[in-house]
>>> print(open('upload-v7.cif').read())   # mmCIF, C-alpha atoms (C1' of nucleotides)
data_query
loop_
_atom_site.label_atom_id
_atom_site.label_comp_id
_atom_site.auth_asym_id
_atom_site.auth_seq_id
_atom_site.Cartn_x
_atom_site.Cartn_y
_atom_site.Cartn_z
CA MET M 1 56.45 73.17 240.19
CA GLY M 2 57.99 75.96 238.07
CA LEU M 3 61.34 75.03 239.52
CA THR M 4 64.13 74.15 237.12
CA LYS M 5 66.03 71.02 238.21
CA SER M 6 69.49 72.57 237.81
CA GLU M 7 71.17 69.78 239.74
CA ILE M 8 70.66 67.23 236.99
CA PHE M 9 72.49 69.32 234.40
CA THR M 10 76.16 70.01 233.80
CA PRO M 11 77.69 73.32 234.92
CA GLU M 12 78.14 74.17 231.24
CA GLN M 13 74.48 73.61 230.49
CA ASN M 14 73.45 75.69 233.47
CA GLU M 15 75.87 78.49 232.62
CA LEU M 16 74.77 78.59 229.03
CA SER M 17 71.08 78.66 229.86
CA SER M 18 71.64 81.37 232.47
CA ILE M 19 73.31 83.58 229.91
CA ALA M 20 70.62 82.90 227.33
CA LYS M 21 67.88 83.56 229.85
CA VAL M 22 69.15 87.11 230.31
CA PHE M 23 68.91 87.68 226.57
CA GLY M 24 65.46 86.14 226.66
CA HIS M 25 63.64 89.42 227.21
CA PRO M 26 63.34 92.15 224.57
CA ALA M 27 63.83 94.92 227.13
CA ARG M 28 67.23 93.55 228.09
CA VAL M 29 68.16 93.17 224.44
CA ALA M 30 67.09 96.78 223.89
CA ILE M 31 69.13 97.98 226.86
CA LEU M 32 72.23 96.22 225.61
CA GLN M 33 71.78 97.49 222.06
CA HIS M 34 71.40 101.02 223.39
CA LEU M 35 74.52 100.73 225.50
CA PHE M 36 76.40 99.56 222.42
CA LYS M 37 75.12 102.33 220.22
CA ILE M 38 75.33 105.38 222.43
CA ASP M 39 78.56 107.36 222.38
CA SER M 40 78.50 108.14 226.06
CA CYS M 41 77.45 105.84 228.82
CA ILE M 42 73.78 105.92 229.50
CA CYS M 43 71.99 106.50 232.78
CA GLY M 44 68.29 107.01 233.28
CA ASP M 45 67.25 107.88 229.77
CA LEU M 46 66.86 104.17 229.12
CA VAL M 47 63.47 104.71 230.71
CA ASP M 48 62.60 107.27 228.01
CA GLU M 49 64.26 105.31 225.23
CA ILE M 50 62.44 102.07 226.06
CA GLY M 51 58.81 102.51 227.05
CA LEU M 52 58.85 100.87 230.45
CA ALA M 53 58.52 102.28 233.96
CA GLN M 54 61.62 103.19 235.92
CA PRO M 55 61.37 100.33 238.42
CA THR M 56 60.99 97.87 235.57
CA ILE M 57 64.10 99.13 233.79
CA SER M 58 65.96 99.12 237.08
CA GLN M 59 65.04 95.48 237.56
CA HIS M 60 66.25 94.50 234.11
CA LEU M 61 69.50 96.39 234.70
CA LYS M 62 69.92 94.43 237.91
CA GLU M 63 69.74 91.13 236.06
CA LEU M 64 72.21 92.30 233.45
CA LYS M 65 74.53 93.40 236.23
CA LYS M 66 74.09 90.14 238.12
CA ILE M 67 75.34 88.11 235.20
CA GLY M 68 78.13 90.62 234.69
CA LEU M 69 77.32 91.87 231.21
CA ILE M 70 77.07 95.51 232.29
CA LYS M 71 78.58 97.61 235.01
CA GLY M 72 77.56 100.93 236.51
CA ASN M 73 79.48 103.98 237.56
CA ILE M 74 78.04 106.49 239.99
CA THR M 75 78.44 110.09 238.84
CA GLY M 76 76.56 112.51 241.02
CA THR M 77 72.96 111.46 241.39
CA SER M 78 72.95 109.42 238.23
CA ILE M 79 74.50 106.11 237.36
CA CYS M 80 76.34 105.51 234.16
CA TYR M 81 75.94 102.04 232.73
CA CYS M 82 78.05 100.37 230.11
CA ILE M 83 78.91 96.99 228.67
CA ASP M 84 81.52 95.05 230.61
CA LYS M 85 83.80 94.34 227.66
CA ASP M 86 85.81 91.54 229.25
CA ASN M 87 82.75 89.64 230.42
CA TRP M 88 81.01 90.27 227.13
CA SER M 89 83.75 88.61 225.12
CA GLN M 90 84.00 85.78 227.62
CA MET M 91 80.27 85.23 227.24
CA LYS M 92 80.67 85.24 223.47
CA THR M 93 83.22 82.46 223.75
CA VAL M 94 80.89 80.31 225.83
CA LEU M 95 78.03 80.86 223.40
CA SER M 96 80.21 80.29 220.34
CA VAL M 97 81.25 76.85 221.50
CA PHE M 98 77.61 75.92 221.73
CA LEU M 99 76.43 77.61 218.54
CA ASN M 100 79.26 76.32 216.38
CA GLN M 101 78.95 72.66 217.26
CA ASP M 102 79.44 70.41 214.30
CA ILE M 103 76.42 68.46 213.21
CA ASN M 104 77.19 64.76 212.94
CA GLU M 105 76.71 64.01 209.28
CA ASN M 106 75.78 60.39 209.96
CA ASN M 107 72.36 61.65 210.86
CA ASN M 108 69.99 60.18 208.39
CA CYS M 109 66.54 60.21 209.91
CA CYS M 110 65.61 63.68 208.73
CA MET D 1 52.15 91.43 235.37
CA GLY D 2 53.96 88.58 233.88
CA LEU D 3 53.14 89.78 230.40
CA THR D 4 56.00 91.00 228.23
CA LYS D 5 55.13 94.19 226.33
CA SER D 6 56.31 92.89 222.96
CA GLU D 7 54.57 95.68 221.08
CA ILE D 8 57.01 98.35 222.26
CA PHE D 9 60.05 96.52 220.91
CA THR D 10 61.41 96.11 217.40
CA PRO D 11 60.84 92.85 215.50
CA GLU D 12 64.58 92.23 215.77
CA GLN D 13 64.55 92.59 219.53
CA ASN D 14 61.56 90.29 219.82
CA GLU D 15 63.05 87.70 217.48
CA LEU D 16 66.35 87.71 219.27
CA SER D 17 64.82 87.36 222.71
CA SER D 18 62.54 84.57 221.50
CA ILE D 19 65.52 82.61 220.27
CA ALA D 20 67.46 83.25 223.46
CA LYS D 21 64.49 82.28 225.58
CA VAL D 22 64.51 78.80 224.07
CA PHE D 23 68.17 78.42 225.05
CA GLY D 24 67.29 79.71 228.50
CA HIS D 25 66.60 76.31 230.00
CA PRO D 26 69.29 73.68 230.67
CA ALA D 27 67.05 70.84 229.52
CA ARG D 28 66.71 72.37 226.08
CA VAL D 29 70.44 73.01 225.93
CA ALA D 30 70.99 69.38 226.89
CA ILE D 31 68.57 68.15 224.24
CA LEU D 32 70.30 70.17 221.54
CA GLN D 33 73.76 69.04 222.63
CA HIS D 34 72.60 65.45 222.55
CA LEU D 35 71.14 65.83 219.08
CA PHE D 36 74.45 67.27 217.92
CA LYS D 37 76.53 64.54 219.50
CA ILE D 38 74.62 61.40 218.69
CA ASP D 39 75.39 59.67 215.40
CA SER D 40 71.84 58.68 214.70
CA CYS D 41 68.78 60.75 215.33
CA ILE D 42 67.36 60.35 218.76
CA CYS D 43 63.85 59.54 219.82
CA GLY D 44 62.65 58.76 223.32
CA ASP D 45 65.96 58.02 224.94
CA LEU D 46 66.29 61.72 225.63
CA VAL D 47 64.10 60.90 228.60
CA ASP D 48 66.73 58.42 229.87
CA GLU D 49 69.65 60.62 228.93
CA ILE D 50 68.28 63.69 230.68
CA GLY D 51 66.61 62.94 234.00
CA LEU D 52 63.19 64.43 233.37
CA ALA D 53 59.80 62.82 232.90
CA GLN D 54 58.56 62.02 229.42
CA PRO D 55 55.85 64.72 229.33
CA THR D 56 58.43 67.29 230.41
CA ILE D 57 60.87 66.35 227.66
CA SER D 58 58.01 66.30 225.19
CA GLN D 59 57.12 69.83 226.21
CA HIS D 60 60.68 71.07 225.75
CA LEU D 61 60.87 69.37 222.35
CA LYS D 62 57.68 71.18 221.39
CA GLU D 63 59.26 74.55 222.12
CA LEU D 64 62.37 73.69 220.17
CA LYS D 65 60.19 72.59 217.29
CA LYS D 66 58.04 75.73 217.50
CA ILE D 67 61.04 77.98 216.98
CA GLY D 68 62.25 75.66 214.22
CA LEU D 69 65.58 74.54 215.65
CA ILE D 70 64.68 70.85 215.48
CA LYS D 71 62.43 68.71 213.36
CA GLY D 72 60.95 65.28 213.89
CA ASN D 73 60.44 62.29 211.69
CA ILE D 74 57.91 59.62 212.51
CA THR D 75 59.20 56.05 212.12
CA GLY D 76 56.82 53.52 213.49
CA THR D 77 55.83 54.32 217.04
CA SER D 78 58.87 56.43 217.70
CA ILE D 79 59.83 59.87 216.49
CA CYS D 80 63.29 60.73 215.34
CA TYR D 81 64.43 64.23 216.15
CA CYS D 82 67.31 66.16 214.72
CA ILE D 83 68.67 69.66 214.34
CA ASP D 84 67.19 71.67 211.50
CA LYS D 85 70.48 72.67 209.91
CA ASP D 86 69.15 75.50 207.77
CA ASN D 87 67.28 77.14 210.61
CA TRP D 88 70.19 76.58 212.95
CA SER D 89 72.60 78.52 210.78
CA GLN D 90 70.03 81.21 210.17
CA MET D 91 69.61 81.55 213.92
CA LYS D 92 73.39 81.75 214.30
CA THR D 93 73.46 84.68 211.89
CA VAL D 94 70.82 86.56 213.86
CA LEU D 95 72.65 85.96 217.12
CA SER D 96 76.05 86.82 215.65
CA VAL D 97 74.91 90.26 214.57
CA PHE D 98 73.88 90.94 218.13
CA LEU D 99 76.86 89.35 219.84
CA ASN D 100 79.47 90.93 217.59
CA GLN D 101 78.29 94.50 217.90
CA ASP D 102 81.13 96.95 218.12
CA ILE D 103 81.46 98.76 221.38
CA ASN D 104 81.62 102.51 220.86
CA GLU D 105 85.06 103.44 222.11
CA ASN D 106 83.94 106.95 223.02
CA ASN D 107 82.49 105.41 226.12
CA ASN D 108 84.38 106.86 228.98
CA CYS D 109 82.25 106.49 232.07
CA CYS D 110 83.45 103.05 233.01
"C1'" DA Q 1 41.01 41.42 218.77
"C1'" DG Q 2 44.31 42.29 222.68
"C1'" DT Q 3 48.59 44.09 224.29
"C1'" DA Q 4 52.83 46.52 224.33
"C1'" DT Q 5 55.43 50.68 223.01
"C1'" DT Q 6 56.11 55.49 222.06
"C1'" DA Q 7 55.09 60.08 222.28
"C1'" DA Q 8 51.62 63.88 222.65
"C1'" DT Q 9 48.17 66.18 225.36
"C1'" DC Q 10 45.48 67.49 229.45
"C1'" DG Q 11 45.11 69.01 233.98
"C1'" DT Q 12 47.15 70.88 237.80
"C1'" DA Q 13 50.42 72.44 241.49
"C1'" DA Q 14 54.45 75.05 242.51
"C1'" DT Q 15 57.42 78.52 241.36
"C1'" DA Q 16 59.23 82.35 238.36
"C1'" DT Q 17 58.79 86.45 235.69
"C1'" DT Q 18 57.01 90.84 234.34
"C1'" DG Q 19 55.44 95.28 235.34
"C1'" DC Q 20 54.26 99.09 238.10
"C1'" DA Q 21 52.73 102.13 242.13
"C1'" DA Q 22 54.51 103.48 246.26
"C1'" DT Q 23 58.27 104.20 248.90
"C1'" DA Q 24 63.11 104.47 250.20
"C1'" DT Q 25 67.76 106.00 249.51
"C1'" DA Q 26 71.45 108.86 248.12
"C1'" DA Q 27 73.61 112.71 246.17
"C1'" DT Q 28 73.40 117.35 244.73
"C1'" DA Q 29 71.34 122.17 244.54
"C1'" DA Q 30 69.12 126.12 246.44
"C1'" DT H 1 68.10 122.55 256.03
"C1'" DT H 2 64.93 121.71 252.46
"C1'" DA H 3 64.02 120.69 247.91
"C1'" DT H 4 65.22 118.22 243.72
"C1'" DT H 5 66.87 114.59 240.94
"C1'" DA H 6 68.13 109.84 239.97
"C1'" DT H 7 67.96 105.23 241.01
"C1'" DA H 8 66.89 101.20 243.97
"C1'" DT H 9 63.76 98.50 246.68
"C1'" DT H 10 59.36 96.74 248.29
"C1'" DG H 11 54.99 94.80 247.64
"C1'" DC H 12 51.76 93.00 244.86
"C1'" DA H 13 48.76 91.44 240.88
"C1'" DA H 14 48.76 89.13 236.49
"C1'" DT H 15 50.73 85.93 233.65
"C1'" DA H 16 54.26 82.43 232.30
"C1'" DT H 17 57.08 78.47 233.07
"C1'" DT H 18 58.37 74.07 234.83
"C1'" DA H 19 57.34 69.54 236.04
"C1'" DC H 20 54.72 65.47 236.28
"C1'" DG H 21 50.69 62.04 236.84
"C1'" DA H 22 47.03 60.50 234.15
"C1'" DT H 23 45.25 59.91 229.89
"C1'" DT H 24 45.08 59.60 224.94
"C1'" DA H 25 46.40 58.39 220.18
"C1'" DA H 26 48.85 55.83 217.02
"C1'" DT H 27 51.47 52.15 215.48
"C1'" DA H 28 53.52 47.49 216.03
"C1'" DC H 29 53.40 42.72 217.75
"C1'" DT H 30 51.28 38.52 219.11
#
>>> encode(input="upload-v7.cif", output="structure tokens")
Amino acid sequence: MGLTKSEIFTPEQNELSSIAKVFGHPARVAILQHLFKIDSCICGDLVDEIGLAQPTISQHLKELKKIGLIKGNITGTSICYCIDKDNWSQMKTVLSVFLNQDINENNNCC
Amino acid sequence: MGLTKSEIFTPEQNELSSIAKVFGHPARVAILQHLFKIDSCICGDLVDEIGLAQPTISQHLKELKKIGLIKGNITGTSICYCIDKDNWSQMKTVLSVFLNQDINENNNCC
DNA sequence: AGTATTAATCGTAATATTGCAATATAATAA
DNA sequence: TTATTATATTGCAATATTACGATTAATACT
């Protein structure tokens, strides 16, 4: 099948896994790290920076855009990408709730 | 061709994406949430709790175990799973470094 | 021994993802 | 207008993931 049964999960579970899925590829992690590091917004040199073909990078950028973590700005023939700060911090909140769950200390099996 | 080029990324990028990948499916999120919530370690009732077949849950548990986020304890015919606290907090540290990166404020394109 | 019970594994079908060559599109430059 | 440059889209091949039926393995219960 290969088809995730999203309908049996809560909206929270689906949202969380969608976010995590985007981080689930090293190229997208690398793109985000580069956008954080660089002092001016980056355009096509992500292709040089990371060692993947232009269509591949473009595809990864599309997924990052789709989930709202980055946004692009057209300047001439190039496009300037950067982190969407508002969405980034919103995403952090969603992830934090999940990551900082308290472990029930009554657990005694292991 | 369906094969991630792990060799061109840093160990950090690969580690981070591997962790995120595991969270990238709602069933695994649901399993982890259930293990957090329940007051005694859970065994096969994850199958009832989540609406997936037993082999499917077993497969997801395997991936969670592989990355070290959960561990199992055999008691009779059943297996008791729970969060691996040490690895969980270690994973949180790795993720936090990534999530809490500072955005370079010299960014001015968007 | 024979029979449940529980969970892992195997095999397989359906779908998704990754990556890239080729091509298309869009904006600028000559 | 004709390049040139930068990025997106299309199409496709290779591989991965998801899901589950069937089976297996291991323990517990009669």
>>> residues_around(input="upload-v7.cif", residues="Lys71 (chain M)", least_positions_apart="5", cutoff="6 Å", atoms="only C-alpha atoms (C1' of nucleotides)", output="JSON, numbers by chain")
{"M": [65, 81, 82, 84]}
>>> calpha_fit_and_write(input="upload-v7.cif", fixed="chain D", moving="chain M", output="CSV table (one decimal) with C-alpha atoms, keeping the file's coordinate frame")
chain,number,residue,atom,x,y,z
M,1,MET,CA,51.5,91.4,235.2
M,2,GLY,CA,54.0,88.8,234.0
M,3,LEU,CA,53.2,89.9,230.5
M,4,THR,CA,56.0,91.1,228.3
M,5,LYS,CA,55.2,94.2,226.4
M,6,SER,CA,56.3,92.9,223.0
M,7,GLU,CA,54.6,95.7,221.1
M,8,ILE,CA,57.0,98.4,222.3
M,9,PHE,CA,60.1,96.5,220.9
M,10,THR,CA,61.4,96.1,217.4
M,11,PRO,CA,60.8,92.9,215.5
M,12,GLU,CA,64.6,92.2,215.8
M,13,GLN,CA,64.5,92.6,219.5
M,14,ASN,CA,61.6,90.3,219.8
M,15,GLU,CA,63.0,87.7,217.5
M,16,LEU,CA,66.3,87.7,219.3
M,17,SER,CA,64.8,87.4,222.7
M,18,SER,CA,62.5,84.6,221.5
M,19,ILE,CA,65.5,82.6,220.3
M,20,ALA,CA,67.5,83.3,223.5
M,21,LYS,CA,64.5,82.3,225.6
M,22,VAL,CA,64.5,78.8,224.1
M,23,PHE,CA,68.2,78.4,225.0
M,24,GLY,CA,67.3,79.7,228.5
M,25,HIS,CA,66.6,76.3,230.0
M,26,PRO,CA,69.3,73.7,230.7
M,27,ALA,CA,67.1,70.9,229.5
M,28,ARG,CA,66.7,72.4,226.1
M,29,VAL,CA,70.4,73.0,225.9
M,30,ALA,CA,71.0,69.4,226.9
M,31,ILE,CA,68.6,68.2,224.2
M,32,LEU,CA,70.3,70.2,221.5
M,33,GLN,CA,73.7,69.1,222.6
M,34,HIS,CA,72.6,65.4,222.5
M,35,LEU,CA,71.1,65.8,219.1
M,36,PHE,CA,74.4,67.3,217.9
M,37,LYS,CA,76.5,64.5,219.5
M,38,ILE,CA,74.6,61.4,218.7
M,39,ASP,CA,75.4,59.6,215.4
M,40,SER,CA,71.8,58.7,214.7
M,41,CYS,CA,68.8,60.7,215.3
M,42,ILE,CA,67.4,60.4,218.7
M,43,CYS,CA,63.9,59.5,219.8
M,44,GLY,CA,62.7,58.8,223.3
M,45,ASP,CA,66.0,58.0,225.0
M,46,LEU,CA,66.3,61.7,225.7
M,47,VAL,CA,64.1,60.9,228.6
M,48,ASP,CA,66.7,58.4,229.9
M,49,GLU,CA,69.7,60.6,228.9
M,50,ILE,CA,68.3,63.7,230.7
M,51,GLY,CA,66.6,63.0,234.1
M,52,LEU,CA,63.2,64.4,233.4
M,53,ALA,CA,59.8,62.8,233.0
M,54,GLN,CA,58.5,62.0,229.5
M,55,PRO,CA,55.9,64.7,229.4
M,56,THR,CA,58.4,67.3,230.5
M,57,ILE,CA,60.9,66.3,227.7
M,58,SER,CA,58.0,66.3,225.2
M,59,GLN,CA,57.1,69.8,226.2
M,60,HIS,CA,60.7,71.1,225.8
M,61,LEU,CA,60.9,69.4,222.4
M,62,LYS,CA,57.7,71.2,221.4
M,63,GLU,CA,59.3,74.5,222.1
M,64,LEU,CA,62.4,73.7,220.2
M,65,LYS,CA,60.2,72.6,217.3
M,66,LYS,CA,58.0,75.7,217.5
M,67,ILE,CA,61.0,78.0,217.0
M,68,GLY,CA,62.2,75.7,214.2
M,69,LEU,CA,65.5,74.5,215.7
M,70,ILE,CA,64.7,70.8,215.5
M,71,LYS,CA,62.4,68.7,213.4
M,72,GLY,CA,61.0,65.3,213.9
M,73,ASN,CA,60.5,62.3,211.6
M,74,ILE,CA,58.0,59.6,212.4
M,75,THR,CA,59.4,56.1,212.1
M,76,GLY,CA,57.1,53.4,213.4
M,77,THR,CA,55.9,54.2,216.9
M,78,SER,CA,58.9,56.4,217.6
M,79,ILE,CA,59.9,59.9,216.4
M,80,CYS,CA,63.3,60.7,215.3
M,81,TYR,CA,64.4,64.2,216.2
M,82,CYS,CA,67.3,66.2,214.7
M,83,ILE,CA,68.7,69.7,214.3
M,84,ASP,CA,67.1,71.7,211.5
M,85,LYS,CA,70.4,72.7,209.9
M,86,ASP,CA,69.1,75.5,207.8
M,87,ASN,CA,67.2,77.1,210.6
M,88,TRP,CA,70.2,76.6,212.9
M,89,SER,CA,72.6,78.5,210.8
M,90,GLN,CA,70.0,81.2,210.2
M,91,MET,CA,69.6,81.5,213.9
M,92,LYS,CA,73.4,81.8,214.3
M,93,THR,CA,73.4,84.7,211.9
M,94,VAL,CA,70.8,86.6,213.8
M,95,LEU,CA,72.6,86.0,217.1
M,96,SER,CA,76.0,86.8,215.6
M,97,VAL,CA,74.9,90.2,214.5
M,98,PHE,CA,73.9,90.9,218.1
M,99,LEU,CA,76.9,89.3,219.8
M,100,ASN,CA,79.5,90.9,217.5
M,101,GLN,CA,78.3,94.5,217.8
M,102,ASP,CA,81.2,96.9,218.1
M,103,ILE,CA,81.5,98.7,221.4
M,104,ASN,CA,81.7,102.5,220.8
M,105,GLU,CA,85.1,103.4,222.1
M,106,ASN,CA,84.1,106.9,223.0
M,107,ASN,CA,82.6,105.4,226.1
M,108,ASN,CA,84.4,106.8,229.0
M,109,CYS,CA,82.3,106.5,232.1
M,110,CYS,CA,83.5,103.0,233.1
>>> resolve_selection(input="upload-v7.cif", expression="the PyMOL selection byres ((chain Q and resi 5) around 9)", output="list in words")
Thr77 and Ser78 of chain D; DA4 and DT6 of chain Q; DT27 and DA28 of chain H
>>> closest_atom_pairs(input="upload-v7.cif", of="chain D", to="chain M", cutoff="6 Å", atoms="only C-alpha atoms", output="tab-separated table")
residue	atom	partner	partner_atom	distance
D:Gln13	CA	M:Pro26	CA	5.2
D:Asn14	CA	M:Pro26	CA	5.4
D:Ser17	CA	M:Gly24	CA	4.2
D:Ala20	CA	M:Gly24	CA	4.8
D:Lys21	CA	M:Gly24	CA	4.1
D:Phe23	CA	M:Ala20	CA	5.6
D:Gly24	CA	M:Lys21	CA	4.1
D:His25	CA	M:Ser17	CA	5.1
D:Pro26	CA	M:Gln13	CA	5.2
D:Phe36	CA	M:Ile103	CA	5.2
D:Asp39	CA	M:Asn106	CA	5.5
D:Ser40	CA	M:Asn107	CA	4.9
D:Cys41	CA	M:Asn107	CA	5.8
D:Ile103	CA	M:Phe36	CA	5.2
D:Asn104	CA	M:Asp39	CA	5.9
D:Asn106	CA	M:Asp39	CA	5.4
D:Asn107	CA	M:Ser40	CA	4.8
D:Cys109	CA	M:Cys41	CA	5.8
>>> resolve_selection(input="upload-v7.cif", expression="the PyMOL selection byres ((chain Q) within 10 of (chain D))", output="MDAnalysis selection string")
chainID Q and resid 5:9 16:20
>>> interface_residues(input="upload-v7.cif", of="chain H", to="chain M", cutoff="9 Å", atoms="all atoms listed in the file", output="list of chain:residue names")
H:DT5, H:DA6, H:DT7, H:DA8, H:DT9, H:DT17, H:DT18, H:DA19, H:DC20
>>> atom_distance(input="upload-v7.cif", atom1="C1' of DT15 (chain Q)", atom2="C1' of DA22 (chain H)")
22.0 Å
>>> atom_distance(input="upload-v7.cif", atom1="CA of Gly68 (chain M)", atom2="CA of Asp45 (chain M)")
21.0 Å
>>> atom_distance(input="upload-v7.cif", atom1="CA of Glu7 (chain D)", atom2="CA of Leu64 (chain M)")
21.8 Å
>>> axis_aligned_box(input="upload-v7.cif", around="region 5-17 of chain H", padding_each_side="6 Å", output="JSON")
{"center_x": 58.4, "center_y": 96.5, "center_z": 240.3, "size_x": 31.4, "size_y": 48.1, "size_z": 28.0}
>>> residues_around(input="upload-v7.cif", residues="DG21 (chain H)", least_positions_apart="4", cutoff="12 Å", atoms="all atoms listed in the file", output="list in words")
Ala53, Gln54, Pro55 and Thr56 of chain D; DC10, DG11, DT12 and DA13 of chain Q
>>> build_atoms(input="upload-v7.cif", residues="region 24-42 of chain M", atoms="N, CA and C atoms", output="mmCIF file, in the frame of the given file")
data_model
loop_
_atom_site.group_PDB
_atom_site.id
_atom_site.type_symbol
_atom_site.label_atom_id
_atom_site.label_comp_id
_atom_site.auth_asym_id
_atom_site.auth_seq_id
_atom_site.Cartn_x
_atom_site.Cartn_y
_atom_site.Cartn_z
ATOM 1 N N GLY M 24 66.798 86.609 226.973
ATOM 2 C CA GLY M 24 65.460 86.140 226.660
ATOM 3 C C GLY M 24 64.344 87.130 226.951
ATOM 4 N N HIS M 25 64.679 88.394 227.064
ATOM 5 C CA HIS M 25 63.640 89.420 227.210
ATOM 6 C C HIS M 25 63.997 90.622 226.341
ATOM 7 N N PRO M 26 63.040 91.074 225.505
ATOM 8 C CA PRO M 26 63.340 92.150 224.570
ATOM 9 C C PRO M 26 63.834 93.437 225.245
ATOM 10 N N ALA M 27 63.389 93.697 226.447
ATOM 11 C CA ALA M 27 63.830 94.920 227.130
ATOM 12 C C ALA M 27 65.325 94.852 227.416
ATOM 13 N N ARG M 28 65.797 93.675 227.781
ATOM 14 C CA ARG M 28 67.230 93.550 228.090
ATOM 15 C C ARG M 28 68.059 93.597 226.804
ATOM 16 N N VAL M 29 67.503 93.051 225.743
ATOM 17 C CA VAL M 29 68.160 93.170 224.440
ATOM 18 C C VAL M 29 68.246 94.641 224.046
ATOM 19 N N ALA M 30 67.144 95.361 224.234
ATOM 20 C CA ALA M 30 67.090 96.780 223.890
ATOM 21 C C ALA M 30 68.082 97.589 224.715
ATOM 22 N N ILE M 31 68.181 97.282 225.984
ATOM 23 C CA ILE M 31 69.130 97.980 226.860
ATOM 24 C C ILE M 31 70.555 97.767 226.362
ATOM 25 N N LEU M 32 70.885 96.535 226.074
ATOM 26 C CA LEU M 32 72.230 96.220 225.610
ATOM 27 C C LEU M 32 72.530 96.898 224.280
ATOM 28 N N GLN M 33 71.579 96.838 223.358
ATOM 29 C CA GLN M 33 71.780 97.490 222.060
ATOM 30 C C GLN M 33 72.011 98.990 222.244
ATOM 31 N N HIS M 34 71.260 99.590 223.149
ATOM 32 C CA HIS M 34 71.400 101.020 223.390
ATOM 33 C C HIS M 34 72.770 101.337 223.996
ATOM 34 N N LEU M 35 73.210 100.515 224.893
ATOM 35 C CA LEU M 35 74.520 100.730 225.500
ATOM 36 C C LEU M 35 75.645 100.573 224.476
ATOM 37 N N PHE M 36 75.409 99.727 223.491
ATOM 38 C CA PHE M 36 76.400 99.560 222.420
ATOM 39 C C PHE M 36 76.430 100.779 221.521
ATOM 40 N N LYS M 37 75.245 101.278 221.215
ATOM 41 C CA LYS M 37 75.120 102.330 220.220
ATOM 42 C C LYS M 37 75.565 103.705 220.719
ATOM 43 N N ILE M 38 75.162 104.022 221.919
ATOM 44 C CA ILE M 38 75.330 105.380 222.430
ATOM 45 C C ILE M 38 76.805 105.725 222.621
ATOM 46 N N ASP M 39 77.148 106.979 222.330
ATOM 47 C CA ASP M 39 78.560 107.360 222.380
ATOM 48 C C ASP M 39 79.023 107.741 223.779
ATOM 49 N N SER M 40 78.100 107.973 224.666
ATOM 50 C CA SER M 40 78.500 108.140 226.060
ATOM 51 C C SER M 40 77.653 107.188 226.890
ATOM 52 N N CYS M 41 78.183 106.787 228.006
ATOM 53 C CA CYS M 41 77.450 105.840 228.820
ATOM 54 C C CYS M 41 76.097 106.407 229.227
ATOM 55 N N ILE M 42 75.156 105.504 229.303
ATOM 56 C CA ILE M 42 73.780 105.920 229.500
ATOM 57 C C ILE M 42 73.378 105.754 230.967
#
